[in-house]
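Student: Coordinates in query.cif, mmCIF, C-alpha atoms and all ligand atoms, are listed below.
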data_upload
loop_
_atom_site.label_atom_id
_atom_site.label_comp_id
_atom_site.auth_asym_id
_atom_site.auth_seq_id
_atom_site.Cartn_x
_atom_site.Cartn_y
_atom_site.Cartn_z
CA MET Q 105 -95.02 20.82 -58.06
CA PRO Q 106 -97.44 23.75 -57.93
CA LEU Q 107 -96.25 27.30 -58.45
CA ILE Q 108 -96.90 29.63 -55.52
CA ALA Q 109 -98.15 33.15 -56.26
CA PRO Q 110 -98.45 35.26 -53.08
CA SER Q 111 -101.12 37.93 -53.39
CA ILE Q 112 -99.62 41.35 -52.71
CA LEU Q 113 -103.07 42.54 -51.58
CA SER Q 114 -102.27 40.97 -48.20
CA ALA Q 115 -98.71 42.34 -48.03
CA ASP Q 116 -97.47 45.04 -45.66
CA PHE Q 117 -97.82 48.21 -47.76
CA LEU Q 118 -95.78 50.25 -45.31
CA HIS Q 119 -92.85 47.89 -45.85
CA LEU Q 120 -93.53 46.60 -49.32
CA GLU Q 121 -89.86 46.10 -50.17
CA LYS Q 122 -89.61 43.50 -47.42
CA ASP Q 123 -92.51 41.48 -48.86
CA VAL Q 124 -91.23 41.86 -52.43
CA ASP Q 125 -87.89 40.42 -51.28
CA PHE Q 126 -89.75 37.64 -49.54
CA VAL Q 127 -91.49 36.64 -52.78
CA ASN Q 128 -88.22 36.90 -54.71
CA LYS Q 129 -86.62 34.44 -52.28
CA ASN Q 130 -89.46 32.07 -51.42
CA ALA Q 131 -92.13 31.98 -54.10
CA ASP Q 132 -92.60 31.81 -57.88
CA ILE Q 133 -94.93 34.60 -59.04
CA PHE Q 134 -96.16 38.01 -57.82
CA HIS Q 135 -99.96 38.05 -57.88
CA LEU Q 136 -101.25 41.64 -58.24
CA ASP Q 137 -104.96 42.22 -57.61
CA ILE Q 138 -106.26 45.24 -59.51
CA MET Q 139 -109.75 46.39 -58.42
CA ASP Q 140 -111.70 49.36 -59.74
CA GLY Q 141 -114.58 49.77 -57.27
CA VAL Q 142 -117.02 49.08 -60.12
CA PHE Q 143 -116.53 45.49 -61.27
CA VAL Q 144 -115.94 44.66 -57.59
CA PRO Q 145 -116.95 46.85 -54.63
CA ASN Q 146 -113.37 47.23 -53.44
CA ILE Q 147 -110.49 49.41 -54.72
CA SER Q 148 -106.94 48.07 -54.39
CA PHE Q 149 -103.88 49.68 -55.99
CA GLY Q 150 -102.78 50.90 -59.38
CA PHE Q 151 -99.79 51.64 -61.59
CA PRO Q 152 -97.51 53.46 -59.11
CA VAL Q 153 -97.54 50.40 -56.85
CA VAL Q 154 -97.17 47.93 -59.75
CA GLU Q 155 -94.21 49.93 -61.09
CA ALA Q 156 -92.57 50.05 -57.67
CA ILE Q 157 -92.90 46.26 -57.33
CA ALA Q 158 -91.61 45.79 -60.88
CA SER Q 159 -88.44 47.70 -60.03
CA GLU Q 160 -87.50 45.05 -57.43
CA ALA Q 161 -89.27 41.92 -58.71
CA LYS Q 162 -87.06 39.03 -59.76
CA LYS Q 163 -90.00 36.69 -60.35
CA PRO Q 164 -92.74 37.08 -63.00
CA MET Q 165 -95.65 39.40 -62.21
CA ASP Q 166 -99.22 38.21 -62.74
CA ALA Q 167 -101.87 40.96 -62.73
CA HIS Q 168 -105.47 39.89 -62.02
CA LEU Q 169 -107.76 42.58 -63.40
CA MET Q 170 -111.05 42.90 -61.54
CA ILE Q 171 -112.12 45.86 -63.61
CA ILE Q 172 -114.59 46.76 -66.33
CA HIS Q 173 -113.14 47.48 -69.78
CA PRO Q 174 -109.92 45.52 -69.30
CA GLU Q 175 -109.01 46.26 -72.94
CA LYS Q 176 -108.26 49.88 -71.99
CA TYR Q 177 -105.34 48.92 -69.77
CA VAL Q 178 -103.64 46.02 -71.57
CA GLU Q 179 -100.89 48.15 -73.15
CA ARG Q 180 -100.19 49.97 -69.93
CA PHE Q 181 -99.73 46.73 -67.97
CA ALA Q 182 -97.44 45.36 -70.67
CA LYS Q 183 -95.27 48.48 -70.26
CA THR Q 184 -94.90 47.93 -66.51
CA GLY Q 185 -93.28 44.55 -67.20
CA VAL Q 186 -96.20 42.35 -66.14
CA GLY Q 187 -95.76 38.94 -67.81
CA MET Q 188 -99.17 37.42 -67.11
CA LEU Q 189 -102.45 39.32 -67.41
CA SER Q 190 -105.90 37.99 -66.59
CA PHE Q 191 -109.32 39.61 -66.92
CA HIS Q 192 -112.76 38.39 -65.93
CA TYR Q 193 -115.02 36.60 -68.39
CA GLU Q 194 -117.93 38.44 -66.72
CA ALA Q 195 -116.29 41.79 -67.54
CA ALA Q 196 -115.57 41.16 -71.21
CA GLY Q 197 -118.26 38.64 -72.24
CA GLU Q 198 -118.77 38.70 -75.99
CA TYR Q 199 -115.52 40.49 -76.74
CA SER Q 200 -113.33 38.22 -74.56
CA LEU Q 201 -111.53 36.74 -77.55
CA SER Q 202 -110.37 40.14 -78.74
CA VAL Q 203 -108.98 40.92 -75.26
CA ILE Q 204 -107.09 37.61 -75.23
CA LYS Q 205 -105.58 38.43 -78.62
CA GLN Q 206 -104.71 41.95 -77.51
CA ILE Q 207 -102.88 40.58 -74.44
CA LYS Q 208 -100.94 38.04 -76.49
CA GLU Q 209 -99.91 40.62 -79.06
CA THR Q 210 -98.02 42.47 -76.34
CA GLY Q 211 -96.09 39.29 -75.51
CA MET Q 212 -97.83 38.73 -72.16
CA LYS Q 213 -99.48 35.44 -71.23
CA ALA Q 214 -103.27 35.68 -71.37
CA GLY Q 215 -105.53 34.43 -68.59
CA MET Q 216 -109.26 34.40 -68.08
CA ALA Q 217 -110.73 34.62 -64.59
CA ILE Q 218 -114.16 33.36 -63.60
CA ASN Q 219 -116.18 33.92 -60.44
CA PRO Q 220 -117.71 31.01 -58.49
CA ASP Q 221 -121.29 31.68 -59.61
CA ILE Q 222 -120.60 31.44 -63.35
CA GLU Q 223 -120.75 28.01 -65.06
CA VAL Q 224 -117.17 27.03 -65.85
CA GLU Q 225 -118.30 25.65 -69.20
CA LYS Q 226 -118.65 29.29 -70.33
CA ILE Q 227 -114.89 29.52 -70.70
CA PHE Q 228 -114.54 26.34 -72.77
CA PRO Q 229 -114.72 28.16 -76.13
CA PHE Q 230 -111.68 30.25 -75.12
CA LEU Q 231 -109.43 27.50 -73.73
CA LYS Q 232 -107.49 26.92 -76.92
CA ASP Q 233 -106.47 30.60 -76.99
CA LEU Q 234 -105.62 30.95 -73.31
CA ASP Q 235 -102.32 30.44 -71.51
CA TYR Q 236 -104.10 30.04 -68.17
CA VAL Q 237 -107.49 30.01 -66.50
CA LEU Q 238 -107.97 31.68 -63.11
CA ILE Q 239 -110.65 29.83 -61.18
CA MET Q 240 -111.88 31.98 -58.31
CA SER Q 241 -112.47 29.94 -55.17
CA VAL Q 242 -114.01 33.00 -53.44
CA PHE Q 243 -115.92 35.90 -54.97
CA ALA Q 244 -113.46 38.42 -56.40
CA GLY Q 245 -113.05 41.58 -54.33
CA TYR Q 246 -111.44 40.86 -50.98
CA GLY Q 247 -108.63 38.88 -49.43
CA GLY Q 248 -109.18 36.65 -46.40
CA GLN Q 249 -112.45 35.02 -47.47
CA LYS Q 250 -113.42 31.40 -46.85
CA PHE Q 251 -112.59 28.87 -49.58
CA ILE Q 252 -115.69 27.66 -51.49
CA GLU Q 253 -115.71 23.85 -51.51
CA THR Q 254 -117.35 23.45 -54.93
CA SER Q 255 -114.12 24.85 -56.43
CA TYR Q 256 -112.46 21.41 -56.50
CA GLN Q 257 -115.11 20.12 -58.87
CA ARG Q 258 -114.89 23.26 -61.05
CA ILE Q 259 -111.14 22.78 -61.38
CA ARG Q 260 -111.63 19.08 -62.29
CA VAL Q 261 -114.14 19.98 -65.00
CA VAL Q 262 -111.79 22.55 -66.58
CA LYS Q 263 -108.78 20.23 -66.24
CA ASN Q 264 -110.66 17.42 -68.00
CA GLU Q 265 -111.57 19.69 -70.88
CA ILE Q 266 -107.98 20.96 -71.20
CA SER Q 267 -106.75 17.33 -71.28
CA ARG Q 268 -109.48 16.25 -73.70
CA LEU Q 269 -108.43 19.00 -76.10
CA GLY Q 270 -104.73 18.29 -75.54
CA LEU Q 271 -104.01 21.92 -74.64
CA ASP Q 272 -101.14 23.51 -72.78
CA CYS Q 273 -103.29 25.78 -70.59
CA MET Q 274 -102.51 26.15 -66.89
CA ILE Q 275 -105.04 26.38 -64.06
CA GLU Q 276 -104.58 29.03 -61.36
CA VAL Q 277 -106.75 28.95 -58.25
CA ASP Q 278 -107.37 32.09 -56.19
CA GLY Q 279 -109.11 32.61 -52.87
CA GLY Q 280 -108.81 30.92 -49.48
CA VAL Q 281 -105.90 28.75 -50.64
CA SER Q 282 -103.82 27.39 -47.74
CA PRO Q 283 -101.79 24.37 -46.62
CA ALA Q 284 -105.10 22.79 -45.58
CA ASN Q 285 -106.51 22.53 -49.12
CA ALA Q 286 -103.36 22.63 -51.30
CA LYS Q 287 -103.05 18.87 -51.76
CA LYS Q 288 -106.67 18.45 -52.81
CA LEU Q 289 -106.39 21.44 -55.17
CA SER Q 290 -103.31 19.97 -56.77
CA GLU Q 291 -105.05 16.60 -57.20
CA ALA Q 292 -108.01 18.38 -58.81
CA GLY Q 293 -105.64 19.89 -61.39
CA ALA Q 294 -104.51 23.32 -60.14
CA ASP Q 295 -101.02 24.35 -61.29
CA ILE Q 296 -100.69 27.81 -59.69
CA PHE Q 297 -101.79 28.63 -56.14
CA VAL Q 298 -102.58 32.25 -55.34
CA ALA Q 299 -102.30 32.78 -51.60
CA GLY Q 300 -102.73 36.04 -49.71
CA SER Q 301 -103.63 35.66 -46.07
CA SER Q 302 -102.18 32.14 -45.73
CA VAL Q 303 -98.77 33.60 -46.65
CA PHE Q 304 -98.63 37.22 -45.42
CA GLY Q 305 -100.99 36.59 -42.50
CA SER Q 306 -98.98 33.62 -41.27
CA SER Q 307 -96.54 33.79 -38.37
CA ASN Q 308 -94.25 31.61 -40.50
CA PRO Q 309 -94.77 32.46 -44.18
CA GLU Q 310 -91.82 30.35 -45.40
CA ASN Q 311 -93.30 27.31 -43.74
CA SER Q 312 -96.74 28.06 -45.14
CA ILE Q 313 -95.30 28.07 -48.66
CA ARG Q 314 -93.29 24.90 -48.01
CA MET Q 315 -96.42 23.11 -46.81
CA MET Q 316 -98.39 24.22 -49.86
CA ARG Q 317 -95.70 22.90 -52.17
C1 LIG W 1 -109.61 38.30 -54.26
C2 LIG W 1 -108.25 38.27 -54.88
C3 LIG W 1 -107.30 37.33 -54.26
C4 LIG W 1 -107.01 37.57 -52.81
C5 LIG W 1 -106.65 36.24 -52.22
O1 LIG W 1 -110.43 39.10 -55.02
O2 LIG W 1 -108.35 37.92 -56.25
O3 LIG W 1 -106.10 37.24 -55.01
O4 LIG W 1 -105.99 38.48 -52.58
O5 LIG W 1 -106.53 36.38 -50.85
P1 LIG W 1 -106.69 35.14 -49.85
O6 LIG W 1 -105.61 34.16 -50.21
O7 LIG W 1 -106.51 35.76 -48.53
O8 LIG W 1 -108.04 34.55 -50.07
ZN ZN W 2 -106.44 37.56 -57.36
#
Would you encode the structure as C-alpha cells?
Ligand code: DX5
Ligand code: ZN

Tutor:
Amino acid sequence: MPLIAPSILSADFLHLEKDVDFVNKNADIFHLDIMDGVFVPNISFGFPVVEAIASEAKKPMDAHLMIIHPEKYVERFAKTGVGMLSFHYEAAGEYSLSVIKQIKETGMKAGMAINPDIEVEKIFPFLKDLDYVLIMSVFAGYGGQKFIETSYQRIRVVKNEISRLGLDCMIEVDGGVSPANAKKLSEAGADIFVAGSSVFGSSNPENSIRMMR
C-alpha cells in the first residue's frame, strides 16, 4: 500500500493546526515544500512554519528542498525534527554525494529530487546511497499543476534500476497526484504519493486519501 504524504503547501495557513491534525489522523507523512525564489521562482515557507508543524506532528516530516546550496541548511532541518530530507540533483550536481552523506550523518533519510526535464539516468550513480528518490511529475515550484504523463515511464525506469541493483530505495512521486492516477503510479513503482491540491483542495479529503490508497 502506498504511503500518502499531503503537501502542506496546499494547506490552510490561517488554520494550520486543523490541517496538521488531519494529516496526523488520515495520512502517513507531512510533505514540506521549501522554496527559495532562486532555484524555483516561488517562495514558500521557512523554519518558523516547519517548527510550528513539528510541535504538533505525530507523523514523520519530509522536507523537499527546492533551494540552491542545500548543504547550508541540512543541520538546521535536522534540528527541527525533520526525518526525511530531499534536495534537487540540479541544485547540487557534482557535489550531490557529499550532501547525501551530510544528510545521513544527521540521522535523517536522504532523498534526491529530479525535475521532469532531466534524464532520470543521471541519478543512477547515487541510488545505492539514497533512501528515496523524489520523481517530480510537474516542474518544481507550484502546487496545482497538471500531471506530466511521461512520469510513469520515468518511475518504471528508476524502479527497474533499483530492483536490478537489489537496493532498498523508495520512490516518491510529487505533482498532480490524485485518485485518477494513483493506481497507475503504484503499478509503475511509486511507494510514496505526495498530494497537495487533491487532498486539501478536495471537498472530501478523507475520501481522496482512501481512493489513492
Ligand atoms: C511542487 C511541490 C509539490 C506540490 C504538489 O513544487 O513540490 O509538493 O505542493 O502539489 P499538487 O499535488 O497540487 O500538484
Ligand atoms: Zn514537493

Student: From the options Q:Met316, Q:Val144, Q:Val153, Q:Val224, which residue's atoms come nearest to Val124 (chain Q), counting all atoms listed in the file?

Tutor: Q:Val153

Student: Quick one: distance from CA of Gly300 (chain Q) to CA of Ile112 (chain Q) in Å, one decimal?

Tutor: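 Answer for the CA of Gly300 (chain Q) to CA of Ile112 (chain Q) separation: 6.8 Å.
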
Student: Smallest atom-to-atom distance to ligand ZN 2 (chain W): which of Q:Asn130, Q:Ser159, Q:Ser301, Q:Ser306, using all atoms listed in the file?

Tutor: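 Going through Q:Asn130, Q:Ser159, Q:Ser301, Q:Ser306 one by one, the smallest distance to ligand ZN 2 (chain W) is for Q:Ser301.
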
Student: Restrict the calculation to all atoms listed in the file, then for each residue of chain Q with any atom at most 9 Å from an atom of ligand LIG 1 (chain W) give the closest atom pair and their distance in Å to one decimal, rows by chain and rising residue number, as CSV.

Tutor:
residue,atom,partner,partner_atom,distance
Q:Pro110,CA,W:LIG1,O6,7.8
Q:Ser111,CA,W:LIG1,O4,5.0
Q:Ile112,CA,W:LIG1,O4,7.0
Q:Leu113,CA,W:LIG1,O4,5.1
Q:Ser114,CA,W:LIG1,O4,6.3
Q:His135,CA,W:LIG1,O3,6.8
Q:Leu136,CA,W:LIG1,O3,7.3
Q:Asp137,CA,W:LIG1,O2,5.6
Q:Ile138,CA,W:LIG1,O2,8.3
Q:Met139,CA,W:LIG1,O1,8.1
Q:Val144,CA,W:LIG1,O1,8.2
Q:Asn146,CA,W:LIG1,O1,8.8
Q:His168,CA,W:LIG1,O2,6.7
Q:Leu169,CA,W:LIG1,O2,8.6
Q:Met170,CA,W:LIG1,O1,7.6
Q:Met240,CA,W:LIG1,O2,7.2
Q:Ser241,CA,W:LIG1,O8,8.2
Q:Val242,CA,W:LIG1,C1,6.9
Q:Phe243,CA,W:LIG1,O1,6.4
Q:Ala244,CA,W:LIG1,O1,3.4
Q:Gly245,CA,W:LIG1,O1,3.7
Q:Tyr246,CA,W:LIG1,O1,4.5
Q:Gly247,CA,W:LIG1,O5,3.6
Q:Gly248,CA,W:LIG1,O7,3.5
Q:Gln249,CA,W:LIG1,O8,5.1
Q:Lys250,CA,W:LIG1,O8,7.0
Q:Phe251,CA,W:LIG1,O8,7.3
Q:Val277,CA,W:LIG1,O3,8.9
Q:Asp278,CA,W:LIG1,O3,5.4
Q:Gly279,CA,W:LIG1,O8,3.6
Q:Gly280,CA,W:LIG1,O8,3.8
Q:Val281,CA,W:LIG1,O6,5.4
Q:Ser282,CA,W:LIG1,O6,7.4
Q:Phe297,CA,W:LIG1,O6,9.0
Q:Val298,CA,W:LIG1,O3,6.1
Q:Ala299,CA,W:LIG1,O6,3.8
Q:Gly300,CA,W:LIG1,O6,3.5
Q:Ser301,CA,W:LIG1,O7,3.8
Q:Ser302,CA,W:LIG1,O6,6.0
Q:Val303,CA,W:LIG1,O6,7.7
Q:Phe304,CA,W:LIG1,O7,8.6
Q:Gly305,CA,W:LIG1,O7,8.2

Student: For the selection you just gave me, I'd like the residues written to a file as an mmCIF file, in the coordinates of the input, keeping C-alpha atoms.

Tutor:
data_model
loop_
_atom_site.group_PDB
_atom_site.id
_atom_site.type_symbol
_atom_site.label_atom_id
_atom_site.label_comp_id
_atom_site.auth_asym_id
_atom_site.auth_seq_id
_atom_site.Cartn_x
_atom_site.Cartn_y
_atom_site.Cartn_z
ATOM 1 C CA PRO Q 110 -98.450 35.260 -53.080
ATOM 2 C CA SER Q 111 -101.120 37.930 -53.390
ATOM 3 C CA ILE Q 112 -99.620 41.350 -52.710
ATOM 4 C CA LEU Q 113 -103.070 42.540 -51.580
ATOM 5 C CA SER Q 114 -102.270 40.970 -48.200
ATOM 6 C CA HIS Q 135 -99.960 38.050 -57.880
ATOM 7 C CA LEU Q 136 -101.250 41.640 -58.240
ATOM 8 C CA ASP Q 137 -104.960 42.220 -57.610
ATOM 9 C CA ILE Q 138 -106.260 45.240 -59.510
ATOM 10 C CA MET Q 139 -109.750 46.390 -58.420
ATOM 11 C CA VAL Q 144 -115.940 44.660 -57.590
ATOM 12 C CA ASN Q 146 -113.370 47.230 -53.440
ATOM 13 C CA HIS Q 168 -105.470 39.890 -62.020
ATOM 14 C CA LEU Q 169 -107.760 42.580 -63.400
ATOM 15 C CA MET Q 170 -111.050 42.900 -61.540
ATOM 16 C CA MET Q 240 -111.880 31.980 -58.310
ATOM 17 C CA SER Q 241 -112.470 29.940 -55.170
ATOM 18 C CA VAL Q 242 -114.010 33.000 -53.440
ATOM 19 C CA PHE Q 243 -115.920 35.900 -54.970
ATOM 20 C CA ALA Q 244 -113.460 38.420 -56.400
ATOM 21 C CA GLY Q 245 -113.050 41.580 -54.330
ATOM 22 C CA TYR Q 246 -111.440 40.860 -50.980
ATOM 23 C CA GLY Q 247 -108.630 38.880 -49.430
ATOM 24 C CA GLY Q 248 -109.180 36.650 -46.400
ATOM 25 C CA GLN Q 249 -112.450 35.020 -47.470
ATOM 26 C CA LYS Q 250 -113.420 31.400 -46.850
ATOM 27 C CA PHE Q 251 -112.590 28.870 -49.580
ATOM 28 C CA VAL Q 277 -106.750 28.950 -58.250
ATOM 29 C CA ASP Q 278 -107.370 32.090 -56.190
ATOM 30 C CA GLY Q 279 -109.110 32.610 -52.870
ATOM 31 C CA GLY Q 280 -108.810 30.920 -49.480
ATOM 32 C CA VAL Q 281 -105.900 28.750 -50.640
ATOM 33 C CA SER Q 282 -103.820 27.390 -47.740
ATOM 34 C CA PHE Q 297 -101.790 28.630 -56.140
ATOM 35 C CA VAL Q 298 -102.580 32.250 -55.340
ATOM 36 C CA ALA Q 299 -102.300 32.780 -51.600
ATOM 37 C CA GLY Q 300 -102.730 36.040 -49.710
ATOM 38 C CA SER Q 301 -103.630 35.660 -46.070
ATOM 39 C CA SER Q 302 -102.180 32.140 -45.730
ATOM 40 C CA VAL Q 303 -98.770 33.600 -46.650
ATOM 41 C CA PHE Q 304 -98.630 37.220 -45.420
ATOM 42 C CA GLY Q 305 -100.990 36.590 -42.500
#

Student: Write out as an NGL selection string the residues lying within 8 Å of Ile313 (chain Q), counting all atoms listed in the file and excluding same-chain residues fewer than 4 positions away.

Tutor: :Q and (108 or 130-131 or 283 or 303 or 309 or 317)

Student: May I ask which of the residues Q:Lys208, Q:Lys232, Q:Lys226, Q:His192 is the closest one to ligand ZN 2 (chain W), counting all atoms listed in the file?

Tutor: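 Of all the options, Q:His192 lies closest to ligand ZN 2 (chain W).
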
Student: I need the residue nearest Thr210 (chain Q) from this list: Q:Glu225, Q:Thr184, Q:Asp116, Q:Gly197. Use only C-alpha atoms for the distance.

Tutor: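 Checking each candidate against Thr210 (chain Q), we get Q:Thr184 as the closest.
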
Student: One decimal, in Å: what's the spacing between CA of Glu198 (chain Q) and CA of Asp272 (chain Q)?

Tutor: 23.5 Å

Student: To one decimal place in Å, what is the distance between CA of Pro106 (chain Q) and CA of Phe228 (chain Q)?

Tutor: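 Here the two named atoms are 22.8 Å from each other.
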
Student: Emit region 173-192 of chain Q of the structure in the block as a file comprising N, CA and C atoms, as a compact mmCIF listing (two decimals), in the first residue's frame.

Tutor:
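Once written, part-v8.txt looks like this:
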# COMPACT_ATOMS: atom_id res chain seq x y z
N HIS Q 173 22.22 25.61 -2.87
CA HIS Q 173 23.05 25.34 -1.69
C HIS Q 173 22.30 24.61 -0.58
N PRO Q 174 21.73 23.45 -0.88
CA PRO Q 174 21.02 22.72 0.17
C PRO Q 174 21.93 22.37 1.36
N GLU Q 175 23.23 22.22 1.09
CA GLU Q 175 24.16 21.81 2.17
C GLU Q 175 24.17 22.80 3.33
N LYS Q 176 23.80 24.06 3.06
CA LYS Q 176 23.83 25.08 4.12
C LYS Q 176 22.76 24.85 5.18
N TYR Q 177 21.71 24.12 4.83
CA TYR Q 177 20.55 24.04 5.72
C TYR Q 177 20.28 22.65 6.29
N VAL Q 178 21.15 21.69 5.97
CA VAL Q 178 20.92 20.31 6.42
C VAL Q 178 20.84 20.23 7.94
N GLU Q 179 21.81 20.80 8.63
CA GLU Q 179 21.84 20.74 10.11
C GLU Q 179 20.59 21.35 10.71
N ARG Q 180 20.22 22.48 10.16
CA ARG Q 180 19.07 23.22 10.70
C ARG Q 180 17.77 22.41 10.55
N PHE Q 181 17.60 21.73 9.42
CA PHE Q 181 16.41 20.90 9.25
C PHE Q 181 16.45 19.72 10.21
N ALA Q 182 17.61 19.14 10.40
CA ALA Q 182 17.72 18.01 11.33
C ALA Q 182 17.27 18.46 12.72
N LYS Q 183 17.63 19.67 13.11
CA LYS Q 183 17.26 20.18 14.44
C LYS Q 183 15.76 20.38 14.61
N THR Q 184 15.06 20.67 13.51
CA THR Q 184 13.61 20.87 13.62
C THR Q 184 12.87 19.55 13.83
N GLY Q 185 13.56 18.43 13.60
CA GLY Q 185 12.91 17.13 13.77
C GLY Q 185 12.44 16.51 12.46
N VAL Q 186 12.82 17.12 11.34
CA VAL Q 186 12.51 16.52 10.04
C VAL Q 186 13.23 15.17 9.94
N GLY Q 187 12.51 14.14 9.46
CA GLY Q 187 13.11 12.81 9.39
C GLY Q 187 13.56 12.41 8.00
N MET Q 188 13.02 13.11 6.99
CA MET Q 188 13.37 12.83 5.60
C MET Q 188 13.70 14.16 4.93
N LEU Q 189 14.84 14.21 4.26
CA LEU Q 189 15.24 15.47 3.61
C LEU Q 189 15.68 15.20 2.18
N SER Q 190 15.02 15.87 1.23
CA SER Q 190 15.45 15.72 -0.17
C SER Q 190 15.90 17.05 -0.74
N PHE Q 191 16.84 16.97 -1.67
CA PHE Q 191 17.34 18.16 -2.38
C PHE Q 191 17.35 17.81 -3.85
N HIS Q 192 17.46 18.81 -4.71
CA HIS Q 192 17.42 18.55 -6.15
C HIS Q 192 18.80 18.24 -6.70
